[in-house]
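**Q** See input-v3.txt below, with compact mmCIF, C-alpha atoms and all ligand atoms.
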```txt
# COMPACT_ATOMS: atom_id res chain seq x y z
CA MET A 93 -34.05 18.23 15.98
CA ARG A 94 -33.86 16.57 19.42
CA ILE A 95 -31.73 13.48 19.90
CA LYS A 96 -33.95 10.47 20.52
CA SER A 97 -31.37 7.70 20.66
CA ALA A 98 -27.67 7.02 20.33
CA GLU A 99 -26.22 3.53 20.00
CA VAL A 100 -22.67 2.29 19.76
CA ASN A 101 -22.12 -0.43 17.18
CA VAL A 102 -19.04 -2.66 17.39
CA THR A 103 -18.44 -4.96 14.45
CA SER A 104 -15.54 -6.85 12.90
CA PRO A 105 -16.03 -7.36 9.14
CA GLY A 106 -12.36 -8.13 8.44
CA ARG A 107 -11.22 -5.81 11.21
CA ASN A 108 -12.79 -4.02 14.20
CA PHE A 109 -14.88 -0.87 13.91
CA VAL A 110 -16.73 1.24 16.47
CA THR A 111 -19.56 3.42 15.11
CA LEU A 112 -21.90 5.80 16.90
CA ARG A 113 -25.38 6.09 15.44
CA ILE A 114 -27.48 9.06 16.57
CA THR A 115 -31.19 9.29 15.67
CA THR A 116 -33.34 12.39 16.05
CA GLU A 117 -37.01 12.46 17.06
CA ASP A 118 -37.99 12.87 13.43
CA GLY A 119 -36.05 9.81 12.39
CA VAL A 120 -32.90 11.31 10.82
CA THR A 121 -29.85 9.17 11.52
CA GLY A 122 -26.22 10.30 11.64
CA LEU A 123 -23.07 8.21 11.89
CA GLY A 124 -19.69 8.87 13.49
CA ASP A 125 -16.53 6.72 13.48
CA ALA A 126 -14.99 6.03 16.92
CA THR A 127 -12.54 3.27 15.97
CA LEU A 128 -9.28 3.20 17.93
CA ASN A 129 -7.23 0.29 16.64
CA GLY A 130 -6.48 -2.19 19.45
CA ARG A 131 -8.32 -0.14 22.11
CA GLU A 132 -11.81 -0.25 20.59
CA LEU A 133 -13.72 -1.28 23.70
CA ALA A 134 -12.36 1.59 25.78
CA VAL A 135 -14.04 4.05 23.38
CA ARG A 136 -17.24 2.02 23.38
CA ALA A 137 -17.36 2.17 27.21
CA TYR A 138 -16.54 5.91 27.20
CA LEU A 139 -19.43 6.55 24.81
CA ASP A 140 -21.92 4.16 26.42
CA ASP A 141 -21.23 5.07 30.02
CA HIS A 142 -20.30 8.74 29.88
CA VAL A 143 -21.49 10.36 26.64
CA VAL A 144 -24.69 8.78 25.31
CA PRO A 145 -26.65 9.55 28.54
CA LEU A 146 -25.72 13.23 28.14
CA LEU A 147 -26.95 13.41 24.55
CA LEU A 148 -30.50 12.10 24.90
CA GLY A 149 -33.08 14.87 24.54
CA GLU A 150 -30.47 17.46 23.45
CA ASP A 151 -30.67 19.60 20.31
CA ALA A 152 -28.78 17.85 17.48
CA ALA A 153 -28.33 21.19 15.70
CA ARG A 154 -25.96 22.57 18.34
CA ILE A 155 -22.75 21.02 17.04
CA GLU A 156 -20.17 23.50 18.33
CA ASP A 157 -21.83 23.74 21.73
CA THR A 158 -22.00 19.94 22.06
CA TRP A 159 -18.29 19.71 21.20
CA GLN A 160 -17.37 22.28 23.85
CA TYR A 161 -19.67 20.62 26.39
CA LEU A 162 -18.02 17.22 25.90
CA TYR A 163 -14.48 18.65 25.77
CA ARG A 164 -14.43 21.44 28.34
CA GLY A 165 -17.32 20.12 30.39
CA ALA A 166 -15.59 16.83 31.22
CA TYR A 167 -12.66 18.59 32.95
CA TRP A 168 -10.29 15.82 31.67
CA ARG A 169 -9.21 16.84 28.21
CA ARG A 170 -7.66 15.27 25.13
CA GLY A 171 -6.28 11.74 24.82
CA PRO A 172 -7.13 9.28 22.04
CA VAL A 173 -10.10 7.65 23.80
CA THR A 174 -11.83 10.92 24.72
CA MET A 175 -11.15 12.52 21.35
CA ALA A 176 -12.34 9.50 19.34
CA ALA A 177 -15.57 9.56 21.36
CA ILE A 178 -16.06 13.31 20.80
CA ALA A 179 -15.20 12.83 17.11
CA ALA A 180 -17.96 10.25 16.72
CA VAL A 181 -20.59 12.55 18.25
CA ASP A 182 -19.42 15.55 16.24
CA THR A 183 -19.32 13.66 12.92
CA ALA A 184 -22.77 12.13 13.50
CA LEU A 185 -24.22 15.58 14.22
CA TRP A 186 -22.70 17.01 11.02
CA ASP A 187 -24.14 14.04 9.11
CA ILE A 188 -27.58 14.81 10.58
CA LYS A 189 -27.37 18.55 9.92
CA ALA A 190 -26.35 18.02 6.29
CA GLN A 191 -29.27 15.62 5.80
CA TYR A 192 -31.68 18.20 7.22
CA ALA A 193 -30.19 20.72 4.82
CA GLY A 194 -30.53 18.22 1.96
CA MET A 195 -26.87 18.72 1.06
CA PRO A 196 -23.67 16.70 0.99
CA LEU A 197 -21.56 17.70 3.98
CA TYR A 198 -18.88 19.47 1.91
CA GLN A 199 -21.49 22.06 0.90
CA LEU A 200 -22.09 22.99 4.55
CA LEU A 201 -18.32 23.29 5.02
CA GLY A 202 -18.14 25.98 2.34
CA GLY A 203 -18.49 24.03 -0.89
CA ALA A 204 -15.97 22.34 -3.16
CA CYS A 205 -12.54 23.91 -3.76
CA ARG A 206 -11.61 21.16 -6.25
CA THR A 207 -13.13 18.45 -8.41
CA GLY A 208 -11.73 15.55 -6.35
CA ALA A 209 -9.14 14.68 -3.72
CA LEU A 210 -5.75 13.37 -4.89
CA ALA A 211 -5.30 10.00 -3.16
CA TYR A 212 -2.18 7.96 -2.48
CA GLY A 213 -2.16 4.18 -2.32
CA HIS A 214 0.28 1.78 -0.65
CA ALA A 215 2.68 -0.21 -2.79
CA SER A 216 4.89 -2.68 -0.98
CA GLY A 217 7.07 -5.72 -1.58
CA ARG A 218 9.29 -8.01 0.42
CA ASP A 219 12.08 -7.02 -1.95
CA VAL A 220 12.61 -4.44 -4.70
CA PRO A 221 11.30 -6.55 -7.65
CA GLU A 222 8.08 -7.25 -5.70
CA LEU A 223 7.78 -3.57 -4.88
CA LEU A 224 8.17 -2.58 -8.54
CA ASP A 225 5.34 -5.01 -9.43
CA SER A 226 3.19 -3.51 -6.73
CA VAL A 227 3.85 0.05 -7.98
CA ARG A 228 2.90 -1.10 -11.50
CA ALA A 229 -0.32 -2.64 -10.18
CA HIS A 230 -1.20 0.58 -8.36
CA LEU A 231 -0.58 2.65 -11.50
CA ALA A 232 -2.90 0.28 -13.36
CA LEU A 233 -5.57 0.92 -10.70
CA GLY A 234 -5.31 4.62 -11.48
CA TYR A 235 -3.25 5.90 -8.53
CA ARG A 236 -1.36 9.11 -9.25
CA ALA A 237 0.63 9.09 -6.00
CA ILE A 238 2.12 6.06 -4.25
CA ARG A 239 3.62 5.24 -0.86
CA ILE A 240 6.46 2.72 -1.10
CA GLN A 241 7.54 0.32 1.65
CA THR A 242 9.77 -2.77 1.43
CA GLY A 243 11.19 -5.59 3.46
CA ILE A 244 14.67 -4.98 4.84
CA PRO A 245 17.53 -7.44 4.28
CA GLY A 246 18.19 -9.25 7.55
CA LEU A 247 14.75 -8.63 9.11
CA ASP A 248 12.08 -11.35 9.06
CA SER A 249 9.03 -9.13 8.67
CA VAL A 250 8.42 -5.42 8.39
CA TYR A 251 5.17 -3.67 9.25
CA GLY A 252 3.34 -2.28 6.22
CA VAL A 253 4.76 -4.83 3.79
CA ALA A 254 2.44 -7.45 2.32
CA ALA A 255 3.67 -11.01 2.90
CA SER A 256 3.09 -11.75 -0.77
CA SER A 257 1.19 -9.96 -3.44
CA PRO A 258 0.07 -12.36 -6.15
CA GLY A 259 0.13 -10.47 -9.45
CA GLY A 260 0.96 -7.34 -7.46
CA GLY A 261 -2.76 -6.86 -6.74
CA GLU A 262 -4.26 -5.12 -3.74
CA ARG A 263 -4.03 -6.73 -0.30
CA TYR A 264 -6.12 -5.86 2.69
CA ASP A 265 -4.07 -7.60 5.38
CA TYR A 266 -0.60 -6.09 5.32
CA GLU A 267 -0.98 -3.66 8.20
CA PRO A 268 -2.50 -6.20 10.50
CA ALA A 269 -3.94 -5.93 13.95
CA ARG A 270 -3.35 -9.62 14.53
CA ARG A 271 -5.14 -11.91 16.88
CA VAL A 272 -2.50 -14.18 18.34
CA THR A 273 -2.94 -16.76 21.05
CA GLY A 274 0.07 -17.55 23.19
CA GLY A 275 -0.36 -19.71 26.30
CA GLY A 276 -4.09 -18.97 26.28
CA ARG A 277 -3.55 -15.20 26.51
CA LEU A 278 -3.95 -12.74 23.70
CA ARG A 279 -0.63 -11.08 22.97
CA PRO A 280 0.54 -8.85 20.14
CA THR A 281 3.10 -10.42 17.81
CA VAL A 282 6.67 -9.15 18.14
CA GLU A 283 8.69 -7.85 15.18
CA ILE A 284 12.46 -7.43 15.42
CA TRP A 285 13.73 -4.06 14.24
CA ASP A 286 17.12 -2.63 13.18
CA THR A 287 17.18 1.09 12.31
CA ARG A 288 20.68 1.05 10.77
CA ALA A 289 19.76 -1.78 8.40
CA TYR A 290 16.65 0.19 7.44
CA MET A 291 18.58 3.40 6.78
CA ARG A 292 21.11 1.61 4.59
CA HIS A 293 18.35 0.04 2.50
CA VAL A 294 15.79 2.82 1.86
CA PRO A 295 17.85 5.06 -0.50
CA ALA A 296 18.52 2.06 -2.77
CA VAL A 297 14.78 1.35 -2.87
CA PHE A 298 14.04 4.91 -3.99
CA GLU A 299 16.86 4.75 -6.54
CA ALA A 300 15.29 1.61 -8.05
CA VAL A 301 11.76 3.05 -8.12
CA ARG A 302 12.86 6.38 -9.63
CA SER A 303 14.95 4.69 -12.32
CA GLU A 304 12.02 2.44 -13.26
CA PHE A 305 9.19 4.99 -13.13
CA GLY A 306 10.93 8.33 -13.73
CA PRO A 307 10.88 11.65 -11.87
CA GLU A 308 7.19 12.54 -12.28
CA LEU A 309 5.33 10.12 -9.98
CA PRO A 310 4.77 11.52 -6.45
CA LEU A 311 6.36 9.04 -4.00
CA LEU A 312 5.76 8.88 -0.27
CA HIS A 313 7.34 6.86 2.53
CA ASP A 314 6.30 6.07 6.11
CA ALA A 315 9.10 5.64 8.68
CA HIS A 316 6.65 4.79 11.50
CA HIS A 317 8.38 6.89 14.19
CA ARG A 318 11.43 4.63 14.29
CA MET A 319 14.43 6.96 13.98
CA THR A 320 16.18 9.30 16.39
CA PRO A 321 16.19 12.97 15.31
CA ILE A 322 19.74 12.84 13.96
CA GLN A 323 19.11 9.55 12.13
CA ALA A 324 16.00 11.08 10.59
CA ALA A 325 17.96 14.16 9.56
CA ARG A 326 20.47 11.98 7.77
CA LEU A 327 17.94 9.77 5.99
CA SER A 328 15.88 12.79 4.89
CA ARG A 329 19.04 14.30 3.40
CA ASP A 330 20.04 11.02 1.75
CA LEU A 331 16.60 10.88 0.13
CA GLU A 332 16.68 14.41 -1.32
CA PRO A 333 17.77 13.28 -4.82
CA TYR A 334 14.57 11.21 -5.08
CA ASP A 335 12.23 14.17 -4.53
CA LEU A 336 9.78 12.65 -2.04
CA PHE A 337 6.25 14.01 -1.76
CA TRP A 338 6.81 13.42 1.96
CA LEU A 339 8.67 11.45 4.57
CA GLU A 340 6.13 10.49 7.22
CA ASP A 341 6.58 9.98 10.96
CA ALA A 342 10.36 10.20 10.91
CA THR A 343 10.64 10.37 14.72
CA PRO A 344 8.37 9.63 17.71
CA ALA A 345 5.58 12.17 17.20
CA GLU A 346 5.15 13.58 20.68
CA ASP A 347 8.61 15.22 20.51
CA GLN A 348 7.74 18.28 18.42
CA GLU A 349 11.25 19.77 18.79
CA ALA A 350 12.74 16.74 17.02
CA LEU A 351 11.25 18.01 13.78
CA ARG A 352 13.18 21.26 14.17
CA LEU A 353 16.43 19.33 14.17
CA ILE A 354 15.44 17.39 11.04
CA ARG A 355 14.37 20.61 9.31
CA HIS A 356 17.78 22.19 9.89
CA HIS A 357 19.36 19.49 7.75
CA THR A 358 17.02 18.80 4.87
CA THR A 359 14.51 20.00 2.30
CA THR A 360 12.66 16.65 2.16
CA PRO A 361 9.00 17.49 2.98
CA LEU A 362 7.85 16.15 6.35
CA ALA A 363 4.48 14.84 7.50
CA ILE A 364 3.42 13.83 11.00
CA GLY A 365 0.39 13.54 13.25
CA GLU A 366 -1.59 10.32 12.77
CA VAL A 367 -1.23 9.56 16.49
CA PHE A 368 -2.13 13.11 17.55
CA ASN A 369 -5.57 13.93 18.89
CA SER A 370 -5.64 17.70 19.29
CA VAL A 371 -4.56 20.98 17.73
CA HIS A 372 -2.43 21.44 20.85
CA ASP A 373 -0.17 18.60 19.67
CA TYR A 374 0.74 20.78 16.68
CA THR A 375 1.37 24.25 18.06
CA THR A 376 5.19 24.13 17.86
CA LEU A 377 5.11 22.24 14.55
CA LEU A 378 2.80 24.75 12.89
CA SER A 379 4.11 28.04 14.26
CA GLY A 380 7.70 26.94 13.59
CA ARG A 381 6.80 25.64 10.11
CA LEU A 382 8.53 22.39 11.07
CA ILE A 383 6.28 20.18 8.93
CA ASP A 384 4.61 20.37 5.52
CA TYR A 385 1.59 18.09 6.04
CA VAL A 386 -0.85 17.46 8.89
CA ARG A 387 -1.55 13.72 9.19
CA SER A 388 -4.44 13.68 11.68
CA ALA A 389 -7.69 11.85 11.08
CA VAL A 390 -11.17 13.24 11.72
CA THR A 391 -11.79 10.07 13.77
CA HIS A 392 -8.94 10.63 16.22
CA THR A 393 -8.87 14.41 16.44
CA GLY A 394 -12.30 15.35 17.74
CA GLY A 395 -14.32 15.21 14.53
CA VAL A 396 -15.10 17.49 11.62
CA THR A 397 -15.33 20.61 13.82
CA ALA A 398 -11.86 20.16 15.32
CA MET A 399 -10.21 18.99 12.09
CA LYS A 400 -11.50 22.06 10.21
CA LYS A 401 -10.06 24.38 12.87
CA LEU A 402 -6.74 22.53 12.85
CA LEU A 403 -6.48 22.80 9.06
CA ASP A 404 -7.43 26.48 9.14
CA LEU A 405 -4.61 27.10 11.60
CA ALA A 406 -2.20 25.08 9.42
CA ALA A 407 -3.22 27.23 6.42
CA VAL A 408 -1.91 30.33 8.21
CA TYR A 409 1.58 28.77 8.02
CA GLY A 410 1.28 27.42 4.48
CA ILE A 411 0.95 23.84 5.74
CA ARG A 412 -1.38 21.42 3.98
CA SER A 413 -3.55 18.43 4.81
CA GLY A 414 -2.61 14.79 4.34
CA MET A 415 -5.29 13.07 6.36
CA HIS A 416 -4.74 9.61 7.76
CA GLY A 417 -6.76 7.02 5.83
CA PRO A 418 -5.72 3.46 6.76
CA THR A 419 -8.34 0.70 6.95
CA ASP A 420 -8.67 1.17 10.71
CA ILE A 421 -10.45 4.44 9.91
CA SER A 422 -13.93 3.16 9.04
CA PRO A 423 -15.73 4.12 5.82
CA VAL A 424 -17.64 6.63 7.98
CA GLY A 425 -14.37 8.29 9.05
CA MET A 426 -13.11 8.15 5.47
CA ALA A 427 -16.24 9.87 4.14
CA ALA A 428 -15.88 12.64 6.73
CA ALA A 429 -12.28 13.17 5.57
CA LEU A 430 -13.33 13.33 1.93
CA HIS A 431 -15.90 16.07 2.54
CA LEU A 432 -13.20 18.13 4.28
CA ASP A 433 -10.68 17.33 1.52
CA LEU A 434 -13.01 18.89 -0.98
CA ALA A 435 -13.90 21.93 1.13
CA VAL A 436 -10.60 23.14 2.63
CA HIS A 437 -8.34 25.33 0.53
CA ASN A 438 -5.08 23.91 1.94
CA PHE A 439 -5.74 20.32 0.89
CA GLY A 440 -2.57 18.36 0.11
CA ILE A 441 -3.32 14.67 -0.40
CA GLN A 442 -5.56 11.95 1.06
CA GLU A 443 -4.31 8.52 2.13
CA TYR A 444 -6.47 5.79 0.67
CA MET A 445 -6.09 2.21 1.77
CA ARG A 446 -9.11 0.44 0.33
CA HIS A 447 -11.47 -1.34 2.70
CA SER A 448 -12.06 -5.03 2.11
CA PRO A 449 -15.22 -6.18 0.32
CA GLN A 450 -16.40 -7.63 3.67
CA THR A 451 -16.11 -4.22 5.35
CA LEU A 452 -17.98 -2.62 2.46
CA ASP A 453 -20.86 -5.12 2.86
CA VAL A 454 -21.44 -3.69 6.33
CA PHE A 455 -20.71 -0.03 5.56
CA ARG A 456 -22.54 1.03 2.40
CA THR A 457 -20.51 3.83 0.88
CA SER A 458 -21.21 6.22 -1.96
CA TYR A 459 -17.77 7.84 -2.33
CA ARG A 460 -15.76 6.74 -5.34
CA PHE A 461 -12.17 6.50 -6.60
CA GLU A 462 -11.66 7.51 -10.22
CA ASP A 463 -8.46 8.35 -12.12
CA GLY A 464 -6.49 8.72 -8.92
CA LEU A 465 -8.98 11.07 -7.26
CA LEU A 466 -11.49 10.40 -4.49
CA HIS A 467 -14.95 11.93 -4.66
CA PRO A 468 -17.44 12.13 -1.80
CA SER A 469 -20.90 11.65 -3.27
CA ASP A 470 -23.65 14.24 -3.50
CA THR A 471 -25.91 12.18 -1.24
CA PRO A 472 -27.16 14.44 1.59
CA GLY A 473 -25.01 14.06 4.71
CA LEU A 474 -21.86 11.92 4.77
CA GLY A 475 -23.24 9.43 2.27
CA VAL A 476 -22.50 6.26 4.27
CA ASP A 477 -24.98 3.77 5.76
CA LEU A 478 -24.34 1.14 8.39
CA ASP A 479 -26.16 -2.14 7.80
CA THR A 480 -26.64 -3.22 11.42
CA GLU A 481 -28.00 -6.65 10.44
CA ALA A 482 -24.91 -7.39 8.37
CA ALA A 483 -22.73 -5.94 11.15
CA ALA A 484 -24.24 -8.37 13.67
CA HIS A 485 -22.73 -11.29 11.75
CA PHE A 486 -19.22 -10.05 12.62
CA PRO A 487 -18.72 -9.99 16.39
CA TYR A 488 -15.78 -8.12 17.89
CA GLN A 489 -12.46 -9.96 17.85
CA GLN A 490 -9.69 -8.78 20.09
CA ALA A 491 -6.67 -7.88 17.94
CA TYR A 492 -3.47 -5.92 18.40
CA LEU A 493 -0.85 -4.25 16.25
CA PRO A 494 2.57 -5.89 16.46
CA VAL A 495 5.12 -4.62 18.98
CA ASN A 496 8.63 -3.68 17.85
CA ARG A 497 11.70 -4.94 19.72
CA LEU A 498 15.43 -4.70 19.02
CA SER A 499 17.38 -7.94 18.73
CA ASP A 500 18.38 -7.67 22.42
CA GLY A 501 14.72 -7.50 23.42
CA THR A 502 14.43 -3.75 24.05
CA VAL A 503 11.01 -2.37 23.10
CA HIS A 504 11.46 0.11 20.26
CA ASP A 505 9.31 2.98 18.92
CA TRP A 506 7.16 2.47 15.93
C1 LIG B 1 -0.56 4.89 7.88
C2 LIG B 1 -0.35 4.23 9.17
C3 LIG B 1 -1.29 3.21 9.62
C4 LIG B 1 -1.15 2.87 11.08
C5 LIG B 1 -2.42 2.33 11.62
C6 LIG B 1 -2.31 2.00 13.10
O1 LIG B 1 0.23 5.73 7.56
O2 LIG B 1 -1.53 4.56 7.24
O3 LIG B 1 0.87 4.36 9.73
O4 LIG B 1 -1.38 2.13 8.82
O5 LIG B 1 -0.12 1.98 11.26
O6 LIG B 1 -3.42 3.25 11.41
O7 LIG B 1 -3.56 1.73 13.63
MG MG B 2 1.61 6.26 8.97
```
Go ahead and render the structure in this file as structure tokens.
Ligand code: GCO
Ligand code: MG
**A**
Amino acid sequence: MRIKSAEVNVTSPGRNFVTLRITTEDGVTGLGDATLNGRELAVRAYLDDHVVPLLLGEDAARIEDTWQYLYRGAYWRRGPVTMAAIAAVDTALWDIKAQYAGMPLYQLLGGACRTGALAYGHASGRDVPELLDSVRAHLALGYRAIRIQTGIPGLDSVYGVAASSPGGGERYDYEPARRVTGGGRLRPTVEIWDTRAYMRHVPAVFEAVRSEFGPELPLLHDAHHRMTPIQAARLSRDLEPYDLFWLEDATPAEDQEALRLIRHHTTTPLAIGEVFNSVHDYTTLLSGRLIDYVRSAVTHTGGVTAMKKLLDLAAVYGIRSGMHGPTDISPVGMAAALHLDLAVHNFGIQEYMRHSPQTLDVFRTSYRFEDGLLHPSDTPGLGVDLDTEAAAHFPYQQAYLPVNRLSDGTVHDW
């Protein structure tokens, strides 16, 4: 099971993806997602220049040892670039091992704990009537849990809200990493933000959705790290009557103590962690039971090995998974999440933002969404193929997420 080759593929079928493909001497190929939205080429260079040369000739079966070698051996630890690179190697090696075993990955992780993974989709609208249409459309697609986001009166555009949603159908371009040319230089777009306007509006949005769809439907909301701790405490309390499944990213994530303050004031369940890259980002949050859901992605947290350990630690504190699943996690990263979703006992929910048909022409997937649940397939390994010929038709395009500023120009968290 020696590693014969490892190549980094960068492609842009609708949006940018970085994929590591490892092949063993006997021709088994494994894939790992290394996509870091807006910083893709830094991970490619890290892999090409500093990781791939170390892998050639090594034993593909030694997954834990390879992880430790790349993490501890490098001296410099953690950080999104390093951890996305390690994640790609780790996931590709699990894909290979499961193919050797002739089993879907979830079997190697202990086997299925459930028949499928409850998924939540993203409904959004520029105003409440548009949002209600979008929720209806998502229910018609089979979703049993829905994240709701809306435009805010007085603000021109809000991240996570589709510009328009004809017939309320699914959009693939509402959380854009936009390519914008200004004076010949690529610059992110700027969105103007007002937290007080946001906080005044959100409870009315939940009131409208609950009165239209009743108390049963699990509803989620993403605050994108934009409030101060005391603002977040107040909004979480104001939202209690609407029984949220979770309020996500209430405050800037690196301040773990902020969640303690919010917790003192509210019983609204809290989720955080999509920008984290290590179990060490969670130690205060988990041991203090300051959150209810872990939002990390396999892709950004060091792979299947590290994600499993993180979730096992969370289980000790009664905290569940809610893995990040936006379209900047590639279908390879999504498949890895689904195998874990099935295998860990403390599964909570899985975010599912469907990839565009263009993306799915390049990444051939076998997982499926049925009646609100996601199912990884029983294909040995991860069950995803990368069509490198198709990928070659979509060269990398530099693109950035928007930047948030207040009306006086101050850069704001998001
Ligand atoms: C989510 C997210 C994402 C991020 C994106 C940034 O909850 O799905 O917040 O959509 O904004 O992953 O790259
Ligand atoms: Mg989020």
**Q** Residues within 8 Å of ligand MG 2 (chain B), counting all atoms listed in the file: report them as number ranges by chain.
**A** A: 314-316, 340-341, 366, 416
**Q** Could you turn the residues from that selection into a file that holds C-alpha atoms, as an mmCIF file, in the frame of the given file?
**A**
```
data_model
loop_
_atom_site.group_PDB
_atom_site.id
_atom_site.type_symbol
_atom_site.label_atom_id
_atom_site.label_comp_id
_atom_site.auth_asym_id
_atom_site.auth_seq_id
_atom_site.Cartn_x
_atom_site.Cartn_y
_atom_site.Cartn_z
ATOM 1 C CA ASP A 314 6.300 6.070 6.110
ATOM 2 C CA ALA A 315 9.100 5.640 8.680
ATOM 3 C CA HIS A 316 6.650 4.790 11.500
ATOM 4 C CA GLU A 340 6.130 10.490 7.220
ATOM 5 C CA ASP A 341 6.580 9.980 10.960
ATOM 6 C CA GLU A 366 -1.590 10.320 12.770
ATOM 7 C CA HIS A 416 -4.740 9.610 7.760
#
```
**Q** Pull the neighbourhood of (-27.4, 23.2, 20.0) for me: all residues within 12 Å in file coordinates, counting only C-alpha atoms, as an MDAnalysis selection string.
**A** chainID A and resid 93:95 147 149:161 182 185:186 189
**Q** Could the residues in this selection be saved with C-alpha atoms as a PDB file, in the frame of the given file?
**A**
```
ATOM      1  CA  MET A  93     -34.050  18.230  15.980  1.00  0.00           C
ATOM      2  CA  ARG A  94     -33.860  16.570  19.420  1.00  0.00           C
ATOM      3  CA  ILE A  95     -31.730  13.480  19.900  1.00  0.00           C
ATOM      4  CA  LEU A 147     -26.950  13.410  24.550  1.00  0.00           C
ATOM      5  CA  GLY A 149     -33.080  14.870  24.540  1.00  0.00           C
ATOM      6  CA  GLU A 150     -30.470  17.460  23.450  1.00  0.00           C
ATOM      7  CA  ASP A 151     -30.670  19.600  20.310  1.00  0.00           C
ATOM      8  CA  ALA A 152     -28.780  17.850  17.480  1.00  0.00           C
ATOM      9  CA  ALA A 153     -28.330  21.190  15.700  1.00  0.00           C
ATOM     10  CA  ARG A 154     -25.960  22.570  18.340  1.00  0.00           C
ATOM     11  CA  ILE A 155     -22.750  21.020  17.040  1.00  0.00           C
ATOM     12  CA  GLU A 156     -20.170  23.500  18.330  1.00  0.00           C
ATOM     13  CA  ASP A 157     -21.830  23.740  21.730  1.00  0.00           C
ATOM     14  CA  THR A 158     -22.000  19.940  22.060  1.00  0.00           C
ATOM     15  CA  TRP A 159     -18.290  19.710  21.200  1.00  0.00           C
ATOM     16  CA  GLN A 160     -17.370  22.280  23.850  1.00  0.00           C
ATOM     17  CA  TYR A 161     -19.670  20.620  26.390  1.00  0.00           C
ATOM     18  CA  ASP A 182     -19.420  15.550  16.240  1.00  0.00           C
ATOM     19  CA  LEU A 185     -24.220  15.580  14.220  1.00  0.00           C
ATOM     20  CA  TRP A 186     -22.700  17.010  11.020  1.00  0.00           C
ATOM     21  CA  LYS A 189     -27.370  18.550   9.920  1.00  0.00           C
TER      22      LYS A 189
END
```
**Q** With 5 Å of padding per side, what axis-aligned box (centre and edge lengths, Å, one decimal) covers all the listed atoms of ligand LIG 1 (chain B)? Give it as AutoDock Vina command-line options.
**A**
```
--center_x -1.3 --center_y 3.7 --center_z 10.4 --size_x 14.4 --size_y 14.0 --size_z 16.4
```
**Q** Produce as a ChimeraX atom specification the set of residues near ligand LIG 1 (chain B), where near means within 10 Å with all atoms listed in the file considered.
**A** /A:127-131,213-214,239,251-252,266-269,313-317,340-341,364-367,387,389,415-421,443-445,492-494,506
**Q** If we count all atoms listed in the file and set the cut-off at 7 Å, which residues sit around Gly475 in chain A, ignoring sequence neighbours fewer than 3 positions away in its own chain? Please answer as a PyMOL selection string.
**A** chain A and resi 457-458+469+471-472
**Q** Just how far from CA of Ile383 in chain A is CA of Glu332 in chain A, in Å to one decimal?
**A**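 So the two atoms, CA of Glu332 in chain A and CA of Ile383 in chain A, lie 15.7 Å apart.
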**Q** Out of A:Leu465, A:Ile178, A:Ala491, A:Leu162, which residue has the shortest atom-to-atom distance to Ala126 in chain A when counting only C-alpha atoms?
**A**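 Ranked by minimum distance to Ala126 in chain A, first place goes to A:Ile178.
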**Q** Would you mind telling me which residue in A:Ala429, A:Val253, A:Leu362, A:Val424 lies nearest to Gly124 in chain A when using only C-alpha atoms?
**A**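 So, comparing all the options, the nearest one is A:Val424.
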**Q** Report, in Å to a single decimal, how far apart CA of Leu498 in chain A and CA of Phe298 in chain A are.
**A**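 These atoms are spaced 25.0 Å apart.
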**Q** In Å to one decimal, how far is CA of Pro487 in chain A from CA of Thr103 in chain A?
**A**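 Between CA of Thr103 in chain A and CA of Pro487 in chain A the gap works out to 5.4 Å.
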**Q** Have a look at A:Leu339, A:Ala483, A:Leu201, A:Leu377 and name the one nearest to Ile240 in chain A; count all atoms listed in the file.
**A**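 That would be A:Leu339, the residue with the smallest distance to Ile240 in chain A.
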**Q** Using only C-alpha atoms, what does the table of range 131-217 of chain A residues within 10 Å of range 242-250 of chain A look like, with each row giving the shortest atom pair and its distance in Å to one decimal, sorted by chain and ascending number, as JSON lines?
**A**
```
{"residue": "A:Ala215", "atom": "CA", "partner": "A:Thr242", "partner_atom": "CA", "distance": 8.6}
{"residue": "A:Ser216", "atom": "CA", "partner": "A:Thr242", "partner_atom": "CA", "distance": 5.4}
{"residue": "A:Gly217", "atom": "CA", "partner": "A:Thr242", "partner_atom": "CA", "distance": 5.0}
```
**Q** With C-alpha atoms retained, could you export that selection as a short mmCIF file (atom, residue, chain, number, x, y, z; two decimals), in the coordinates of the input?
**A**
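Result file is part14.cif:
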```cif
data_model
loop_
_atom_site.label_atom_id
_atom_site.label_comp_id
_atom_site.auth_asym_id
_atom_site.auth_seq_id
_atom_site.Cartn_x
_atom_site.Cartn_y
_atom_site.Cartn_z
CA ALA A 215 2.68 -0.21 -2.79
CA SER A 216 4.89 -2.68 -0.98
CA GLY A 217 7.07 -5.72 -1.58
#
```
**Q** Find the residues with any atom within 12 Å of (20.4, 1.9, -1.1); use all atoms listed in the file and the coordinates as given in the file, and write the answer as number ranges by chain.
**A** A: 220, 242, 244-245, 288-301, 327, 330-331, 334
**Q** Excluding Leu200 in chain A and residues on its chain fewer than 3 positions from it, collect all residues at most 9 Å away from it, counting only C-alpha atoms, and give them as a PDB file with C-alpha atoms, keeping the file's coordinate frame.
**A**
```pdb
ATOM      1  CA  TRP A 186     -22.700  17.010  11.020  1.00  0.00           C
ATOM      2  CA  LYS A 189     -27.370  18.550   9.920  1.00  0.00           C
ATOM      3  CA  ALA A 190     -26.350  18.020   6.290  1.00  0.00           C
ATOM      4  CA  ALA A 193     -30.190  20.720   4.820  1.00  0.00           C
ATOM      5  CA  MET A 195     -26.870  18.720   1.060  1.00  0.00           C
ATOM      6  CA  PRO A 196     -23.670  16.700   0.990  1.00  0.00           C
ATOM      7  CA  LEU A 197     -21.560  17.700   3.980  1.00  0.00           C
ATOM      8  CA  GLY A 203     -18.490  24.030  -0.890  1.00  0.00           C
ATOM      9  CA  ALA A 435     -13.900  21.930   1.130  1.00  0.00           C
TER      10      ALA A 435
END
```
